[in-house]
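Peer 1: Supplied in structure tokens, the structure appears directly below.
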Amino acid sequence: MEAWEKIKKELVSMYKDTNDDPWITILNPLSFDNNALVLGVPDDFSLDWIKSHYHEDIVKLARTLLNDTTSVELVIDDREDLETNSQKLPPAGFIPLNNSKGLLKNYTFDNYVVGESNKFASAAAIAVSQNPGKAYNPLFIYGGVGLGKTHVINAIGNLIDNEHNGLNIIYITTENFVNDLVNHLRDRKMDLFREVYRNCDVLLIDDIQFISNKERSQEEMFHTFNTLYEEKKQIVFTSDKLPKEIPNIEERLRSRFEMGLIADIQVPDIETKVAIIKKKAEDDHIGIDDEIAFFLAYNTQSNIRELEGYLTRLSAYALLTKTKLNIHVAKEVLSGLIRKKDKWLTIDDIQKAVAMHFKIKVSDLLSNKRMKFIALPRQIAMFLSRTLTNASYPEIGLQFGNKDHSTVIHSVNKISGMIQENQSIKDAVEKIKKGLG
Ligand code: ADP
Ligand code: MG
């Protein structure tokens, strides 16, 4: 209907930055006679919603664009097949009960490496999996991008699926939850939507921060939550923000997120990164020695996804060129990704940083002095030269006062071992590395 199309176009552009425009597409123009525009909506809920949120704007636009006495009436129109809008959007993605749970099968606790950075979150996740609905409800897992939230929430689902036969588990991203809701509203199938989400035993919602600004989805999430919670069904959320940091959500929903246990995943430390690399390499049958593992761990900023990207590239290279991986190959293959080729640190930079940290002279590092307060920094400087520069063992030896390459190898091995056992060495190395950028 032409009259409605004009109004709709304006509405869509008015609301396009607010995520509210799907609500406009569910309106269906039924008639326009005697200056009365009648719009159909699928159900009671949408009627109330549109009345309280959009009616005023629609009337204003109708009076501006059509005729200044136009009235706009909203009626429930539950005829089954309204082809008008349905054809423009993809078909609704109904989740069949007791069927596809949407779980990502490859993310399990078996291949989830636990370290200092995630031991709290993973302990909470395991507790919830062993006692769904009873341990912590909801469990709210929060952490930065690429740190393992999607992995751990799926691991919960997979473990529950293994240990508690027959429980109905749904894993869904918030984005898909929102889409599913819009589709069901459009198709007038809200009964089915509610039947699915309010009757499961475990609801796993990934990336809940995306519910920000989406009022109607917040409303539905709130009621879904309450129903499940009252029936002691387990709910797990992940988010890259704390509940109090998610903008534009209703207070009552925020307080639900905070009601159970909030567990965070931190940026992994070097040992955890090394353990993750080794585990992935083993699972993917890529030959990665300690040296490469440390090299990778030291040269990634924070994100585990980034680490995986490097590993994939290394293994592809090894496979395609039939080359055996070693640290030289790794540095060569990844140099463009890890740092710009000409921006490798120099051994000089490292010697200065180490000397400064330990308050000794660079010339001491190059000397043959064996006192511990000099020998240890020298070994650390050699280790860092090996992990952060492109230099070979003999080259490093040469730049440390012409030492034999076997001395360098010994130092590198010693420090890699100590980092795994000795907190103060680990902290020192980490701090020097940070300073080097
Ligand atoms: P997020 O959802 O927090 O952005 P993901 O769960 O997608 O992060 O993790 C990114 C990648 O890193 C995934 O492939 C995941 O398997 C891997 N990963 C993250 N943490 C770990 C860990 N502790 N052990 C093993 N792999 C991990
Ligand atoms: Mg994720």
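Going through the structure tokens in order, the chains are called A, B, and so on, while each chain numbers its residues from 1 and the ligands are numbered from 1 in the order shown.
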Taking only C-alpha atoms and all ligand atoms and a cut-off of 8 Å, can you tell me which residues surround ligand 1, written as a ChimeraX atom specification?

Peer 2: /A:107,111-115,118,143-152,206-207,240,272,276,279-280,303-305,307-308

Peer 1: Can you tell me, as a list in words, what residues are no more than 12 Å from Glu245 of chain A when counting only C-alpha atoms, ignoring any on the same chain fewer than 2 positions away?

Peer 2: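 Result of the neighbour search: Tyr142, Ile208, Gln209, Ser212, Ser239, Asp240, Lys241, Leu242, Pro243, Pro247, Asn248, Ile249, Glu251, Arg254, Phe257 and Glu258 of chain A.
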
Peer 1: Keeping C-alpha atoms for every residue in the selection just given, could you write it to a file as a PDB file, in the first residue's frame?

Peer 2:
ATOM      1  CA  TYR A 142      33.084 -12.781  31.282  1.00  0.00           C
ATOM      2  CA  ILE A 208      24.895 -11.593  25.927  1.00  0.00           C
ATOM      3  CA  GLN A 209      26.430  -8.110  25.623  1.00  0.00           C
ATOM      4  CA  SER A 212      22.243  -4.051  24.592  1.00  0.00           C
ATOM      5  CA  SER A 239      29.873 -11.682  27.838  1.00  0.00           C
ATOM      6  CA  ASP A 240      32.854  -9.541  27.015  1.00  0.00           C
ATOM      7  CA  LYS A 241      31.584  -7.007  29.533  1.00  0.00           C
ATOM      8  CA  LEU A 242      30.573  -7.201  33.164  1.00  0.00           C
ATOM      9  CA  PRO A 243      26.811  -6.864  33.681  1.00  0.00           C
ATOM     10  CA  PRO A 247      25.061  -0.256  28.145  1.00  0.00           C
ATOM     11  CA  ASN A 248      21.357   0.154  27.543  1.00  0.00           C
ATOM     12  CA  ILE A 249      19.901  -2.829  29.250  1.00  0.00           C
ATOM     13  CA  GLU A 251      17.970  -2.866  35.313  1.00  0.00           C
ATOM     14  CA  ARG A 254      21.068  -6.694  34.663  1.00  0.00           C
ATOM     15  CA  PHE A 257      22.805 -11.505  35.354  1.00  0.00           C
ATOM     16  CA  GLU A 258      24.364 -10.616  38.682  1.00  0.00           C
TER      17      GLU A 258
END

Peer 1: When distances are computed from only C-alpha atoms, which of A:Ala355, A:Arg313, A:Ile288, A:Val72 shows the smallest separation from Ile327 of chain A?

Peer 2: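 For Ile327 of chain A, the nearest of the given residues is A:Ile288.
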
Peer 1: With a distance cut-off of 10 Å and only C-alpha atoms, select the neighbouring residues of His357 of chain A, excluding the residue or stretch itself and same-chain residues fewer than 4 positions from it, and output the selection as a ChimeraX atom specification.

Peer 2: /A:351-353,377,428-429,431-432,435

Peer 1: When DSSP works through the backbone of this structure, what residues of segment 8-71 of chain A end up as alpha helix (DSSP H), shown as a ChimeraX atom specification?

Peer 2: /A:8-15,21-25,44-53,55-65

Peer 1: Counting only C-alpha atoms, figure out which residue out of A:Lys6, A:Arg188, A:Lys273, A:Lys101 gets nearest to Gly40 of chain A.

Peer 2: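 Smallest distance to Gly40 of chain A is found for A:Arg188.
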
Peer 1: Applying 12 Å and only C-alpha atoms, which residues near Phe295 of chain A remain after dropping the ones on its own chain fewer than 4 positions away? List them as a short mmCIF file (atom, residue, chain, number, x, y, z; two decimals) with N, CA, C and O atoms, in the first residue's frame.

Peer 2:
data_model
loop_
_atom_site.label_atom_id
_atom_site.label_comp_id
_atom_site.auth_asym_id
_atom_site.auth_seq_id
_atom_site.Cartn_x
_atom_site.Cartn_y
_atom_site.Cartn_z
N ILE A 270 52.33 -16.51 30.21
CA ILE A 270 53.17 -17.20 29.24
C ILE A 270 53.05 -18.72 29.33
O ILE A 270 52.89 -19.40 28.33
N GLU A 271 53.08 -19.24 30.56
CA GLU A 271 53.01 -20.70 30.69
C GLU A 271 51.73 -21.26 30.11
O GLU A 271 51.73 -22.29 29.47
N LYS A 273 49.88 -19.91 27.83
CA LYS A 273 49.95 -19.81 26.37
C LYS A 273 50.77 -20.96 25.79
O LYS A 273 50.37 -21.59 24.82
N VAL A 274 51.92 -21.23 26.43
CA VAL A 274 52.77 -22.32 25.94
C VAL A 274 52.01 -23.65 26.02
O VAL A 274 52.02 -24.44 25.08
N ILE A 277 49.47 -23.83 23.23
CA ILE A 277 50.13 -24.08 21.93
C ILE A 277 50.51 -25.55 21.81
O ILE A 277 50.25 -26.19 20.80
N ILE A 288 55.84 -29.14 17.18
CA ILE A 288 56.25 -27.83 17.70
C ILE A 288 57.12 -28.08 18.93
O ILE A 288 56.65 -28.71 19.89
N ASP A 289 58.35 -27.63 18.91
CA ASP A 289 59.15 -27.83 20.12
C ASP A 289 58.98 -26.64 21.07
O ASP A 289 58.32 -25.66 20.76
N ASP A 290 59.59 -26.77 22.24
CA ASP A 290 59.46 -25.73 23.26
C ASP A 290 59.89 -24.37 22.74
O ASP A 290 59.28 -23.34 23.05
N GLU A 291 60.94 -24.40 21.96
CA GLU A 291 61.48 -23.14 21.50
C GLU A 291 60.46 -22.38 20.64
O GLU A 291 60.24 -21.18 20.82
N ASN A 299 55.36 -13.67 21.46
CA ASN A 299 55.11 -12.69 20.42
C ASN A 299 53.65 -12.46 20.09
O ASN A 299 53.32 -11.88 19.07
N THR A 300 52.76 -12.96 20.97
CA THR A 300 51.36 -12.62 20.75
C THR A 300 50.95 -11.69 21.87
O THR A 300 51.48 -11.77 22.98
N LEU A 307 47.02 -16.76 18.45
CA LEU A 307 47.97 -17.87 18.57
C LEU A 307 47.62 -19.00 17.61
O LEU A 307 48.49 -19.55 16.94
N TYR A 310 48.56 -18.35 14.07
CA TYR A 310 49.98 -18.57 13.79
C TYR A 310 50.28 -20.06 13.61
O TYR A 310 51.04 -20.46 12.74
N LEU A 311 49.68 -20.85 14.49
CA LEU A 311 49.90 -22.29 14.42
C LEU A 311 49.41 -22.85 13.09
O LEU A 311 50.08 -23.67 12.45
N ASN A 326 61.31 -25.57 12.48
CA ASN A 326 62.20 -25.23 13.59
C ASN A 326 62.05 -23.73 13.80
O ASN A 326 61.29 -23.07 13.09
N ILE A 327 62.76 -23.22 14.77
CA ILE A 327 62.54 -21.82 15.12
C ILE A 327 62.85 -20.87 13.96
O ILE A 327 62.16 -19.88 13.77
N HIS A 328 63.86 -21.19 13.15
CA HIS A 328 64.20 -20.30 12.03
C HIS A 328 63.05 -20.24 11.04
O HIS A 328 62.65 -19.18 10.58
N VAL A 329 62.54 -21.44 10.73
CA VAL A 329 61.43 -21.50 9.79
C VAL A 329 60.25 -20.72 10.37
O VAL A 329 59.61 -19.92 9.69
N ALA A 330 59.97 -20.93 11.66
CA ALA A 330 58.83 -20.27 12.29
C ALA A 330 58.98 -18.75 12.21
O ALA A 330 58.03 -18.04 11.87
N LYS A 331 60.16 -18.27 12.51
CA LYS A 331 60.38 -16.82 12.47
C LYS A 331 60.21 -16.28 11.06
O LYS A 331 59.60 -15.23 10.84
N LEU A 334 56.46 -16.41 10.00
CA LEU A 334 55.54 -15.54 10.73
C LEU A 334 56.02 -14.10 10.84
O LEU A 334 55.30 -13.25 11.38
N SER A 335 57.21 -13.83 10.34
CA SER A 335 57.77 -12.51 10.61
C SER A 335 56.85 -11.39 10.14
O SER A 335 56.70 -10.38 10.81
N ILE A 338 53.94 -11.29 12.81
CA ILE A 338 54.27 -10.98 14.19
C ILE A 338 54.84 -9.58 14.33
O ILE A 338 54.42 -8.81 15.16
N PHE A 383 68.30 -15.75 26.24
CA PHE A 383 66.98 -16.35 26.01
C PHE A 383 66.08 -15.38 25.23
O PHE A 383 65.43 -15.75 24.26
N LEU A 384 66.06 -14.12 25.69
CA LEU A 384 65.20 -13.15 25.01
C LEU A 384 65.69 -12.88 23.58
O LEU A 384 64.89 -12.67 22.67
N SER A 385 67.00 -12.91 23.38
CA SER A 385 67.53 -12.70 22.04
C SER A 385 67.04 -13.81 21.12
O SER A 385 66.75 -13.60 19.95
N ARG A 386 66.96 -15.00 21.70
CA ARG A 386 66.52 -16.14 20.91
C ARG A 386 65.03 -16.07 20.58
O ARG A 386 64.59 -16.42 19.50
N THR A 387 64.23 -15.60 21.55
CA THR A 387 62.78 -15.59 21.31
C THR A 387 62.30 -14.32 20.60
O THR A 387 61.27 -14.34 19.97
N LEU A 388 63.03 -13.25 20.74
CA LEU A 388 62.50 -12.00 20.20
C LEU A 388 63.23 -11.48 18.96
O LEU A 388 62.80 -10.50 18.36
N THR A 389 64.33 -12.10 18.61
CA THR A 389 65.01 -11.61 17.40
C THR A 389 65.13 -12.76 16.41
O THR A 389 64.79 -13.89 16.71
N ASN A 390 65.67 -12.40 15.30
CA ASN A 390 65.78 -13.34 14.21
C ASN A 390 67.13 -14.08 14.24
O ASN A 390 67.43 -14.84 13.33
N VAL A 412 69.49 -20.73 26.95
CA VAL A 412 68.09 -20.66 26.50
C VAL A 412 67.28 -21.77 27.15
O VAL A 412 66.19 -21.54 27.69
N SER A 416 64.17 -21.25 29.79
CA SER A 416 62.80 -21.75 29.51
C SER A 416 62.33 -22.65 30.64
O SER A 416 61.16 -22.62 31.01
#

Peer 1: Neighbouring residues of Tyr15 of chain A were defined as those with any atom within 12 Å, considering only C-alpha atoms; residues of the same chain fewer than 5 positions away were excluded. Please report them as a list in words.

Peer 2: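 So, after excluding close chain neighbours, the residues are Lys8, Lys9, Glu10, Asp20, Asp21, Pro22, Trp23, Ile24, Thr25, His53, Tyr54, Asp57, Ile58, Asn213 and Lys214 of chain A.
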
Peer 1: Just C-alpha atoms for this one: save the residues we selected as an mmCIF file, in the first residue's frame.

Peer 2:
data_model
loop_
_atom_site.group_PDB
_atom_site.id
_atom_site.type_symbol
_atom_site.label_atom_id
_atom_site.label_comp_id
_atom_site.auth_asym_id
_atom_site.auth_seq_id
_atom_site.Cartn_x
_atom_site.Cartn_y
_atom_site.Cartn_z
ATOM 1 C CA LYS A 8 7.449 2.898 6.584
ATOM 2 C CA LYS A 9 10.387 4.295 4.685
ATOM 3 C CA GLU A 10 10.634 7.205 7.109
ATOM 4 C CA ASP A 20 14.366 -1.487 16.392
ATOM 5 C CA ASP A 21 13.551 -1.641 12.724
ATOM 6 C CA PRO A 22 12.571 -5.334 12.728
ATOM 7 C CA TRP A 23 9.525 -4.212 14.690
ATOM 8 C CA ILE A 24 8.492 -1.989 11.885
ATOM 9 C CA THR A 25 8.639 -4.824 9.391
ATOM 10 C CA HIS A 53 6.858 2.474 21.481
ATOM 11 C CA TYR A 54 5.964 3.479 17.956
ATOM 12 C CA ASP A 57 5.716 8.400 15.743
ATOM 13 C CA ILE A 58 3.596 6.576 13.219
ATOM 14 C CA ASN A 213 19.702 -1.696 22.949
ATOM 15 C CA LYS A 214 17.408 -4.542 21.917
#

Peer 1: Assign secondary structure with DSSP using the backbone only, and return the residues of segment 255-424 of chain A in strand (DSSP E) as number ranges by chain.

Peer 2: A: 261-265

Peer 1: Just write the chosen residues, N, CA and C atoms, as a short mmCIF file (atom, residue, chain, number, x, y, z; two decimals), in the first residue's frame.

Peer 2:
data_model
loop_
_atom_site.label_atom_id
_atom_site.label_comp_id
_atom_site.auth_asym_id
_atom_site.auth_seq_id
_atom_site.Cartn_x
_atom_site.Cartn_y
_atom_site.Cartn_z
N LEU A 261 26.69 -16.52 39.91
CA LEU A 261 28.14 -16.36 40.05
C LEU A 261 28.72 -15.71 38.80
N ILE A 262 29.53 -14.69 39.02
CA ILE A 262 30.24 -14.07 37.90
C ILE A 262 31.68 -14.56 37.95
N ALA A 263 32.14 -15.19 36.87
CA ALA A 263 33.51 -15.71 36.85
C ALA A 263 34.23 -15.14 35.64
N ASP A 264 35.45 -14.67 35.86
CA ASP A 264 36.14 -14.03 34.74
C ASP A 264 37.25 -14.89 34.16
N ILE A 265 37.52 -14.67 32.90
CA ILE A 265 38.67 -15.28 32.24
C ILE A 265 39.65 -14.15 31.92
#

Peer 1: Near Phe400 of chain A, counting only C-alpha atoms, which residues have an atom at most 7 Å away, once you skip same-chain residues fewer than 4 positions from it, shown as a list of chain:residue names?

Peer 2: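 In the requested form, the answer reads A:Leu365, A:Leu366, A:Ile396.
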
Peer 1: Go through A:Ser392, A:Thr238, A:Asn28, A:Phe45 and flag the residue nearest ligand 2, using only C-alpha atoms and all ligand atoms for the distances.

Peer 2: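 Smallest distance to ligand 2 is found for A:Thr238.
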
Peer 1: For Leu228 of chain A, find every residue with an atom within 10 Å (counting only C-alpha atoms), except residues of its own chain fewer than 5 positions away, and show them as a ChimeraX atom specification.

Peer 2: /A:133,197-203,223,233-235

Peer 1: Using only C-alpha atoms and all ligand atoms, which residue out of A:Leu181, A:Ala316, A:Leu192, A:Leu104 lies closest to ligand 2?

Peer 2: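 Answer, going by the shortest atom-to-atom distance: A:Leu104.
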
Peer 1: Counting only C-alpha atoms, figure out which residue out of A:Arg378, A:Lys51, A:Lys105, A:Lys119 gets nearest to Ala155 of chain A.

Peer 2: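 Selected residue with least distance to Ala155 of chain A: A:Lys105.
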
Peer 1: What's the separation between atom CA of Tyr136 of chain A and atom CA of Arg194 of chain A, in Å to one decimal place?

Peer 2: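 Taking atom CA of Tyr136 of chain A and atom CA of Arg194 of chain A, their separation equals 23.8 Å.
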
Peer 1: May I ask which of the residues A:Ile76, A:Thr174, A:Ile350, A:Ala121 is the closest one to ligand 2, counting only C-alpha atoms and all ligand atoms?

Peer 2: A:Thr174

Peer 1: In Å, with one decimal, what is the gap from atom CA of Pro42 of chain A to atom CA of His184 of chain A?

Peer 2: 9.9 Å
